[in-house]
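> Sending over run-v1.cif (mmCIF, C-alpha atoms and all ligand atoms).
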data_final
#
loop_
_atom_site.label_atom_id
_atom_site.label_comp_id
_atom_site.auth_asym_id
_atom_site.auth_seq_id
_atom_site.Cartn_x
_atom_site.Cartn_y
_atom_site.Cartn_z
CA MET A 1010 103.78 63.52 94.75
CA ARG A 1011 105.22 65.99 92.28
CA ALA A 1012 108.56 67.68 93.00
CA GLU A 1013 107.14 71.18 93.27
CA ASN A 1014 104.52 70.04 95.83
CA LEU A 1015 107.15 68.32 97.93
CA MET A 1016 109.39 71.38 97.76
CA SER A 1017 106.58 73.67 98.96
CA ASP A 1018 105.38 71.26 101.72
CA ALA A 1019 108.83 70.60 103.12
CA PRO A 1020 111.19 73.35 102.03
CA SER A 1021 114.41 72.22 103.60
CA GLU A 1022 114.34 68.74 105.16
CA LEU A 1023 113.15 65.18 104.82
CA THR A 1024 112.30 63.01 107.80
CA VAL A 1025 113.82 59.63 107.03
CA SER A 1026 113.13 56.43 108.92
CA LEU A 1027 115.92 53.91 108.29
CA TRP A 1028 116.13 50.27 109.38
CA ARG A 1029 119.09 49.75 111.70
CA GLY A 1030 120.45 46.42 112.91
CA GLY A 1031 119.69 42.83 111.92
CA GLU A 1032 116.43 40.85 111.99
CA GLN A 1033 115.68 42.22 115.49
CA GLY A 1034 116.57 45.80 114.56
CA ARG A 1035 114.29 48.84 114.46
CA TYR A 1036 113.62 51.98 112.45
CA GLN A 1037 115.56 55.09 113.46
CA LEU A 1038 114.81 58.69 112.45
CA TYR A 1039 117.20 61.02 110.62
CA ARG A 1040 116.79 64.49 109.17
CA VAL A 1041 118.24 64.89 105.70
CA PRO A 1042 118.42 68.12 103.63
CA LEU A 1043 116.00 68.14 100.72
CA ARG A 1044 117.67 68.67 97.34
CA ALA A 1045 116.45 69.06 93.79
CA SER A 1046 116.51 65.81 91.73
CA GLN A 1047 117.49 63.82 94.84
CA THR A 1048 117.26 60.03 94.67
CA VAL A 1049 116.51 57.70 97.56
CA LEU A 1050 120.08 56.40 97.24
CA ASP A 1051 121.32 60.01 97.66
CA VAL A 1052 119.36 60.17 100.94
CA VAL A 1053 120.89 56.93 102.25
CA THR A 1054 124.35 58.09 101.18
CA HIS A 1055 123.87 61.41 102.98
CA VAL A 1056 123.07 59.59 106.23
CA GLN A 1057 126.13 57.35 105.89
CA ARG A 1058 128.51 60.18 104.97
CA HIS A 1059 127.26 62.95 107.26
CA LEU A 1060 125.23 61.47 110.12
CA ASP A 1061 126.28 57.88 110.85
CA PRO A 1062 129.24 56.22 109.08
CA THR A 1063 128.28 52.82 110.54
CA LEU A 1064 125.19 52.58 108.30
CA SER A 1065 125.49 49.56 105.97
CA TYR A 1066 123.96 49.49 102.50
CA ARG A 1067 124.90 48.36 99.01
CA PHE A 1068 125.23 50.14 95.67
CA ALA A 1069 127.68 50.31 92.77
CA CYS A 1070 126.65 51.89 89.46
CA ARG A 1071 124.06 54.53 90.53
CA VAL A 1072 122.43 54.30 87.08
CA GLY A 1073 120.20 51.21 87.11
CA VAL A 1074 122.72 48.72 85.73
CA CYS A 1075 124.26 46.72 88.57
CA GLY A 1076 121.09 45.79 90.50
CA SER A 1077 122.72 46.12 93.91
CA CYS A 1078 120.87 49.12 95.44
CA ALA A 1079 117.39 47.63 95.82
CA MET A 1080 115.64 48.40 99.12
CA THR A 1081 112.10 48.73 100.46
CA VAL A 1082 110.95 52.34 100.07
CA ASN A 1083 107.69 53.28 101.79
CA GLY A 1084 106.67 49.61 101.69
CA ARG A 1085 107.58 48.86 98.08
CA PRO A 1086 110.74 47.23 96.68
CA ARG A 1087 112.62 49.58 94.33
CA TRP A 1088 115.98 50.45 92.84
CA THR A 1089 116.95 53.35 95.10
CA CYS A 1090 119.32 54.89 92.53
CA ARG A 1091 116.51 55.32 89.99
CA THR A 1092 113.82 56.39 92.45
CA HIS A 1093 113.43 60.13 92.89
CA VAL A 1094 112.45 61.32 96.34
CA ALA A 1095 109.91 63.68 94.77
CA ASN A 1096 108.00 60.67 93.41
CA VAL A 1097 107.82 58.63 96.63
CA ALA A 1098 108.09 60.87 99.72
CA ARG A 1099 104.80 61.33 101.55
CA GLY A 1100 104.50 64.61 103.43
CA GLY A 1101 108.27 64.95 103.47
CA ARG A 1102 108.72 61.47 105.03
CA LEU A 1103 110.48 58.38 103.75
CA GLU A 1104 110.76 54.91 105.27
CA ILE A 1105 113.66 52.89 103.89
CA GLY A 1106 114.25 49.27 104.86
CA PRO A 1107 116.09 46.22 103.54
CA LEU A 1108 114.55 44.08 100.79
CA GLU A 1109 111.96 41.63 102.10
CA ASN A 1110 112.11 37.82 101.73
CA LEU A 1111 115.90 37.81 102.28
CA PRO A 1112 117.92 37.58 105.51
CA ILE A 1113 119.20 40.92 106.80
CA ILE A 1114 122.97 41.13 107.21
CA LYS A 1115 122.90 44.59 108.77
CA ASP A 1116 120.81 47.74 108.28
CA LEU A 1117 119.88 47.99 104.58
CA ALA A 1118 122.14 45.18 103.34
CA THR A 1119 120.47 41.82 102.74
CA ASP A 1120 122.12 38.45 102.21
CA MET A 1121 121.61 37.60 98.50
CA GLN A 1122 122.95 34.06 98.86
CA PRO A 1123 119.52 32.32 98.96
CA PHE A 1124 118.51 34.29 95.85
CA PHE A 1125 121.56 33.16 93.85
CA GLU A 1126 121.40 29.60 95.18
CA LYS A 1127 117.96 29.42 93.58
CA TRP A 1128 119.44 30.54 90.26
CA GLN A 1129 121.78 27.57 90.55
CA ARG A 1130 118.92 25.23 91.48
CA ALA A 1131 116.97 26.43 88.42
CA LYS A 1132 120.03 25.66 86.23
CA GLY A 1133 120.49 29.34 85.44
CA ALA A 1134 123.99 28.85 83.97
CA PHE A 1135 124.42 28.50 80.21
CA ALA A 1136 125.21 24.90 79.14
CA PRO A 1137 127.17 25.15 75.87
CA SER A 1138 126.29 22.86 72.99
CA ARG A 1139 129.63 23.56 71.23
CA THR A 1140 133.25 23.76 72.30
CA ARG A 1141 135.66 26.66 71.80
CA ASP A 1142 137.09 24.77 68.82
CA ASP A 1143 133.77 24.82 66.95
CA ASP A 1144 132.62 27.67 64.73
CA ILE A 1145 130.48 30.29 66.43
CA GLU A 1146 126.82 29.50 65.85
CA PRO A 1147 125.08 32.55 64.34
CA VAL A 1148 121.62 33.45 65.66
CA ARG A 1149 119.81 36.01 63.53
CA PRO A 1150 118.49 38.95 65.61
CA ASP A 1151 115.13 38.74 63.82
CA SER A 1152 114.73 34.97 64.20
CA ALA A 1153 111.79 33.68 66.27
CA ALA A 1154 114.20 31.90 68.62
CA ARG A 1155 116.22 35.04 69.31
CA ILE A 1156 113.08 37.14 69.84
CA ALA A 1157 111.78 34.54 72.31
CA ALA A 1158 115.06 34.57 74.24
CA ASP A 1159 115.18 38.39 74.19
CA ALA A 1160 111.85 38.76 76.00
CA ALA A 1161 113.31 37.98 79.43
CA ILE A 1162 117.03 38.53 78.93
CA GLU A 1163 117.46 42.00 80.44
CA CYS A 1164 117.26 40.87 84.07
CA ILE A 1165 120.00 42.42 86.24
CA ASN A 1166 119.43 40.21 89.33
CA CYS A 1167 118.27 43.05 91.55
CA GLY A 1168 115.91 40.92 93.63
CA VAL A 1169 113.01 43.39 93.47
CA CYS A 1170 110.59 40.80 92.04
CA TYR A 1171 111.76 38.23 94.61
CA ALA A 1172 111.02 40.69 97.43
CA ALA A 1173 107.58 41.42 95.94
CA CYS A 1174 106.53 37.76 95.55
CA ASP A 1175 104.07 36.50 98.18
CA THR A 1176 104.73 32.89 97.20
CA VAL A 1177 108.39 33.31 98.18
CA ARG A 1178 107.20 34.76 101.49
CA TRP A 1179 104.92 31.76 102.22
CA ASN A 1180 107.19 29.10 100.73
CA PRO A 1181 110.93 29.67 101.23
CA ASP A 1182 111.59 26.65 98.98
CA TYR A 1183 110.02 28.39 95.96
CA LEU A 1184 112.60 29.28 93.30
CA GLY A 1185 111.01 32.67 92.74
CA PRO A 1186 110.41 34.87 89.68
CA ALA A 1187 114.00 35.86 88.86
CA ALA A 1188 115.49 32.35 88.80
CA LEU A 1189 112.54 31.01 86.78
CA ASN A 1190 112.71 33.97 84.39
CA ARG A 1191 116.41 33.16 83.83
CA ALA A 1192 115.60 29.49 83.21
CA TRP A 1193 113.05 30.55 80.58
CA THR A 1194 115.65 32.70 78.80
CA LEU A 1195 118.01 29.72 78.54
CA ILE A 1196 115.24 27.35 77.47
CA ASN A 1197 114.72 29.68 74.49
CA ASP A 1198 118.45 29.87 73.72
CA VAL A 1199 119.06 27.59 70.72
CA ARG A 1200 122.77 27.32 71.64
CA ASP A 1201 122.05 25.81 75.07
CA ALA A 1202 122.28 22.04 75.62
CA GLY A 1203 120.94 21.77 79.17
CA ASN A 1204 117.19 22.00 78.71
CA THR A 1205 116.09 18.52 79.79
CA GLU A 1206 117.94 18.88 83.07
CA ARG A 1207 116.72 22.46 83.42
CA LEU A 1208 113.07 21.53 82.82
CA ALA A 1209 113.33 18.75 85.40
CA ALA A 1210 114.79 21.26 87.89
CA VAL A 1211 112.14 23.93 87.37
CA ALA A 1212 109.25 21.41 87.39
CA ALA A 1213 110.33 19.89 90.74
CA THR A 1214 108.84 20.81 94.13
CA GLY A 1215 109.25 24.55 94.73
CA GLY A 1216 109.47 25.22 90.98
CA CYS A 1217 107.25 26.83 88.36
CA HIS A 1218 104.08 24.98 89.36
CA ALA A 1219 104.13 26.77 92.76
CA CYS A 1220 103.61 30.17 91.08
CA HIS A 1221 100.13 31.60 91.69
CA SER A 1222 100.33 33.92 88.65
CA HIS A 1223 99.29 37.00 90.62
CA GLN A 1224 101.87 39.12 88.74
CA SER A 1225 103.35 41.09 91.61
CA CYS A 1226 106.76 40.35 90.09
CA GLN A 1227 105.76 41.90 86.78
CA GLU A 1228 104.21 44.92 88.48
CA HIS A 1229 107.40 45.71 90.42
CA CYS A 1230 110.18 44.80 87.95
CA PRO A 1231 112.04 48.05 87.15
CA GLN A 1232 113.15 46.55 83.82
CA ALA A 1233 109.53 46.02 82.77
CA LEU A 1234 110.13 42.29 82.43
CA ASN A 1235 107.30 39.79 82.84
CA PRO A 1236 108.44 36.82 84.95
CA THR A 1237 104.82 35.63 85.18
CA ALA A 1238 104.77 35.06 81.42
CA SER A 1239 108.15 33.31 81.59
CA ILE A 1240 106.84 31.00 84.32
CA ALA A 1241 103.72 30.25 82.28
CA GLY A 1242 106.03 29.25 79.42
CA LEU A 1243 107.96 26.95 81.75
CA LYS A 1244 104.73 25.30 82.91
CA ARG A 1245 103.77 24.59 79.28
CA ARG A 1246 107.20 23.23 78.33
CA ALA A 1247 107.46 21.14 81.50
CA ALA A 1248 104.03 19.58 80.87
CA ALA A 1249 104.99 18.77 77.26
CA ALA A 1250 108.30 17.25 78.37
CA TYR A 1251 106.45 15.14 80.95
CA LEU A 1252 103.97 13.86 78.33
CA ARG A 1253 106.90 12.92 76.06
CA GLY A 1254 108.46 11.02 78.95
CA GLU A 1255 111.54 13.29 79.03
CA ILE A 1256 111.08 14.28 82.67
CA LYS A 1257 109.45 12.53 85.62
CA PRO A 1258 106.52 14.02 87.64
S1 LIG B 1 113.20 40.14 86.77
FE1 LIG B 1 113.27 42.37 87.06
S2 LIG B 1 112.88 42.68 89.25
FE2 LIG B 1 113.42 40.52 88.97
S3 LIG B 1 115.61 40.41 89.40
FE3 LIG B 1 115.35 40.68 87.17
S4 LIG B 1 115.45 42.89 86.82
FE4 LIG B 1 115.12 42.59 89.02
S1 LIG B 2 103.32 35.63 89.44
FE1 LIG B 2 104.40 33.91 90.43
S2 LIG B 2 106.54 34.59 90.63
FE2 LIG B 2 105.30 36.43 90.15
S3 LIG B 2 104.85 37.34 92.15
FE3 LIG B 2 103.14 35.95 91.65
S4 LIG B 2 103.67 33.92 92.57
FE4 LIG B 2 105.53 35.21 92.52
S1 LIG B 3 123.34 51.31 92.14
FE1 LIG B 3 123.38 49.96 90.41
S2 LIG B 3 121.25 49.62 89.98
FE2 LIG B 3 121.23 51.10 91.58
#
Rewrite the structure from the file as structure tokens, please.
Ligand code: SF4
Ligand code: SF4
Ligand code: FES

Amino acid sequence: MRAENLMSDAPSELTVSLWRGGEQGRYQLYRVPLRASQTVLDVVTHVQRHLDPTLSYRFACRVGVCGSCAMTVNGRPRWTCRTHVANVARGGRLEIGPLENLPIIKDLATDMQPFFEKWQRAKGAFAPSRTRDDDIEPVRPDSAARIAADAAIECINCGVCYAACDTVRWNPDYLGPAALNRAWTLINDVRDAGNTERLAAVAATGGCHACHSHQSCQEHCPQALNPTASIAGLKRRAAAAYLRGEIKP
């Protein structure tokens, strides 16, 4: 809905339904003044500052950098700080809940621990091939290796793709799009020395082969990244490593 339509349909107020409580919580209604250029995070902040200071939610940068403000807005995972109310409110109404596929701590704050544990399981930490005493290894910005690593590098760990992935919903063991996307970035990093171990980790049960390639992660990623393509790359590399006898089935 365009801003001017929203302004004429609902001149002064939004009706906001916010999730309150833990897993057994419920949606609760609030009335929030409608403002020009208002973001969904502004709406949540208004409720916490003016209507109920016990509301729990998470944010930091407000400009799409930290990845901490993601919530479910009218059924879709989004960065709330970069989502304008005018683009998502329906008839002056908003429903805002915690991210799906993660445990709820309280209200709009989810527990990100399972998400980051999967990064660890996918060997998402850089494994240096040199020590601090070695010369720095130059990587030309226009080299094929650097361009390959660049394709997936801008992930800010917001969890939006993870919340949008049906395979995560059906299979809690699945590493998910963000952890696998990170693994693909490191696999393409010529300075990294951990790829055999990383390929074994992402090819194990719950890894890249569990992805159904239905691209919900790509459709929802606010950074316009393509985890589906990263996962397809992992499947190819894992198969090649298996045929060379570097990893076990
Ligand atoms: S891939 Fe995109 S949606 Fe997923 S965590 Fe990274 S930035 Fe967020
Ligand atoms: S393409 Fe794979 S990772 Fe992405 S949403 Fe579908 S199953 Fe999940
Ligand atoms: S508050 Fe940092 S990305 Fe939204």
> At a cut-off of 10 Å around ligand LIG 2 (chain B), and using only C-alpha atoms and all ligand atoms, what residues come up? Please write them as a VMD selection string.
chain A and resid 1170 to 1179 1183 to 1190 1216 to 1230 1235 to 1241
> Please determine, counting only C-alpha atoms, which residue among A:Ala1118, A:Ala1210, A:Leu1195, A:Ile1165 has the shortest atom-to-atom distance to Glu1032 (chain A).
A:Ala1118
> Which residues are near ligand LIG 3 (chain B) - at most 7 Å, using all atoms listed in the file? Format: as a VMD selection string.
chain A and resid 1068 to 1079 1088 to 1091
> Between A:Ile1105, A:Ile1113, A:Val1211, A:Met1080, which residue has the minimum interatomic distance to ligand LIG 1 (chain B), considering all atoms listed in the file?
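Of A:Ile1105, A:Ile1113, A:Val1211, A:Met1080, the one nearest ligand LIG 1 (chain B) is A:Met1080, counting all atoms listed in the file.
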> One decimal, Å: what's the distance from CA of Pro1181 (chain A) over to CA of Ala1249 (chain A), could you say?
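Answer for the CA of Pro1181 (chain A) to CA of Ala1249 (chain A) separation: 27.0 Å.
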> So what do you get for CA of Tyr1036 (chain A) versus atom S2 of ligand LIG 1 (chain B), distance-wise?
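Rounded to one decimal, the two atoms are 25.0 Å apart.
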> List as a list in words the protein and nucleic acid residues near region 1158-1164 of chain A, meaning an atom at most 6 Å away when only C-alpha atoms are counted, but skip any in the same chain fewer than 3 places from it.
Arg1155, Thr1194, Asn1197 and Asp1198 of chain A
> In terms of the shortest atom-to-atom distance over all atoms listed in the file, which of A:Leu1050, A:Val1199, A:Leu1064, A:Cys1167 is closest to Arg1149 (chain A)?
A:Val1199
> Expressed in Å to a single decimal, how great is the separation between CA of Pro1042 (chain A) and CA of Ser1021 (chain A)?
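If I compute the distance from CA of Pro1042 (chain A) to CA of Ser1021 (chain A), I get 5.7 Å.
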> Which residue, A:Leu1252, A:Leu1108, A:Ile1196, A:Val1148, has the smallest gap to ligand LIG 1 (chain B) when you use only C-alpha atoms and all ligand atoms?
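With only C-alpha atoms and all ligand atoms as the atom set, the closest residue is A:Leu1108.
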> Write out as a list in words the residues lying within 9 Å of Gln1037 (chain A), counting only C-alpha atoms and excluding same-chain residues fewer than 4 positions away.
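My reading of the contact set: Val1025, Ser1026, Leu1027, Trp1028 and Arg1029 of chain A.
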> Skip Phe1125 (chain A) itself and residues of its chain fewer than 4 positions away, then list as a PDB file with C-alpha atoms, in the coordinates of the input all residues within 9 Å of it, counting only C-alpha atoms.

ATOM      1  CA  MET A1121     121.610  37.600  98.500  1.00  0.00           C
ATOM      2  CA  GLN A1129     121.780  27.570  90.550  1.00  0.00           C
ATOM      3  CA  ARG A1130     118.920  25.230  91.480  1.00  0.00           C
ATOM      4  CA  ASN A1166     119.430  40.210  89.330  1.00  0.00           C
ATOM      5  CA  ALA A1188     115.490  32.350  88.800  1.00  0.00           C
TER       6      ALA A1188
END
> Identify which of the residues A:Gly1101, A:Pro1086, A:Gly1168, A:Pro1150 lies closest to ligand LIG 1 (chain B), counting all atoms listed in the file when measuring atom-to-atom distances.
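Of the candidates, the smallest distance to ligand LIG 1 (chain B) is held by A:Gly1168.
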> So, with all atoms listed in the file as the atoms that count, which of A:Leu1208, A:Ala1192, A:Ala1248, A:Ile1256 lies closest to ligand LIG 1 (chain B)?
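Of the candidates, the smallest distance to ligand LIG 1 (chain B) is held by A:Ala1192.
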> Atoms are missing here; could region 1142-1153 of chain A be completed with N, CA, C and O atoms and written as a PDB file, keeping the file's coordinate frame?

ATOM      1  N   ASP A1142     136.468  25.107  70.110  1.00  0.00           N
ATOM      2  CA  ASP A1142     137.090  24.770  68.820  1.00  0.00           C
ATOM      3  C   ASP A1142     136.094  24.785  67.672  1.00  0.00           C
ATOM      4  O   ASP A1142     136.486  24.770  66.510  1.00  0.00           O
ATOM      5  N   ASP A1143     134.794  24.787  68.003  1.00  0.00           N
ATOM      6  CA  ASP A1143     133.770  24.820  66.950  1.00  0.00           C
ATOM      7  C   ASP A1143     133.581  26.244  66.441  1.00  0.00           C
ATOM      8  O   ASP A1143     133.907  27.213  67.126  1.00  0.00           O
ATOM      9  N   ASP A1144     132.993  26.350  65.245  1.00  0.00           N
ATOM     10  CA  ASP A1144     132.620  27.670  64.730  1.00  0.00           C
ATOM     11  C   ASP A1144     131.542  28.279  65.622  1.00  0.00           C
ATOM     12  O   ASP A1144     130.726  27.556  66.211  1.00  0.00           O
ATOM     13  N   ILE A1145     131.547  29.601  65.669  1.00  0.00           N
ATOM     14  CA  ILE A1145     130.480  30.290  66.430  1.00  0.00           C
ATOM     15  C   ILE A1145     129.168  30.110  65.684  1.00  0.00           C
ATOM     16  O   ILE A1145     129.101  30.293  64.469  1.00  0.00           O
ATOM     17  N   GLU A1146     128.128  29.740  66.463  1.00  0.00           N
ATOM     18  CA  GLU A1146     126.820  29.500  65.850  1.00  0.00           C
ATOM     19  C   GLU A1146     126.072  30.825  65.698  1.00  0.00           C
ATOM     20  O   GLU A1146     125.757  31.473  66.703  1.00  0.00           O
ATOM     21  N   PRO A1147     125.809  31.274  64.480  1.00  0.00           N
ATOM     22  CA  PRO A1147     125.080  32.550  64.340  1.00  0.00           C
ATOM     23  C   PRO A1147     123.604  32.396  64.698  1.00  0.00           C
ATOM     24  O   PRO A1147     122.987  31.373  64.389  1.00  0.00           O
ATOM     25  N   VAL A1148     123.059  33.402  65.379  1.00  0.00           N
ATOM     26  CA  VAL A1148     121.620  33.450  65.660  1.00  0.00           C
ATOM     27  C   VAL A1148     121.124  34.788  65.142  1.00  0.00           C
ATOM     28  O   VAL A1148     121.528  35.836  65.636  1.00  0.00           O
ATOM     29  N   ARG A1149     120.280  34.751  64.140  1.00  0.00           N
ATOM     30  CA  ARG A1149     119.810  36.010  63.530  1.00  0.00           C
ATOM     31  C   ARG A1149     118.986  36.813  64.546  1.00  0.00           C
ATOM     32  O   ARG A1149     118.109  36.252  65.215  1.00  0.00           O
ATOM     33  N   PRO A1150     119.238  38.129  64.646  1.00  0.00           N
ATOM     34  CA  PRO A1150     118.490  38.950  65.610  1.00  0.00           C
ATOM     35  C   PRO A1150     116.983  38.925  65.373  1.00  0.00           C
ATOM     36  O   PRO A1150     116.204  39.083  66.309  1.00  0.00           O
ATOM     37  N   ASP A1151     116.573  38.717  64.099  1.00  0.00           N
ATOM     38  CA  ASP A1151     115.130  38.740  63.820  1.00  0.00           C
ATOM     39  C   ASP A1151     114.531  37.337  63.766  1.00  0.00           C
ATOM     40  O   ASP A1151     113.384  37.165  63.357  1.00  0.00           O
ATOM     41  N   SER A1152     115.284  36.324  64.203  1.00  0.00           N
ATOM     42  CA  SER A1152     114.730  34.970  64.200  1.00  0.00           C
ATOM     43  C   SER A1152     113.756  34.808  65.372  1.00  0.00           C
ATOM     44  O   SER A1152     113.884  35.472  66.406  1.00  0.00           O
ATOM     45  N   ALA A1153     112.793  33.903  65.205  1.00  0.00           N
ATOM     46  CA  ALA A1153     111.790  33.680  66.270  1.00  0.00           C
ATOM     47  C   ALA A1153     112.476  33.227  67.554  1.00  0.00           C
ATOM     48  O   ALA A1153     112.083  33.653  68.656  1.00  0.00           O
TER      49      ALA A1153
END
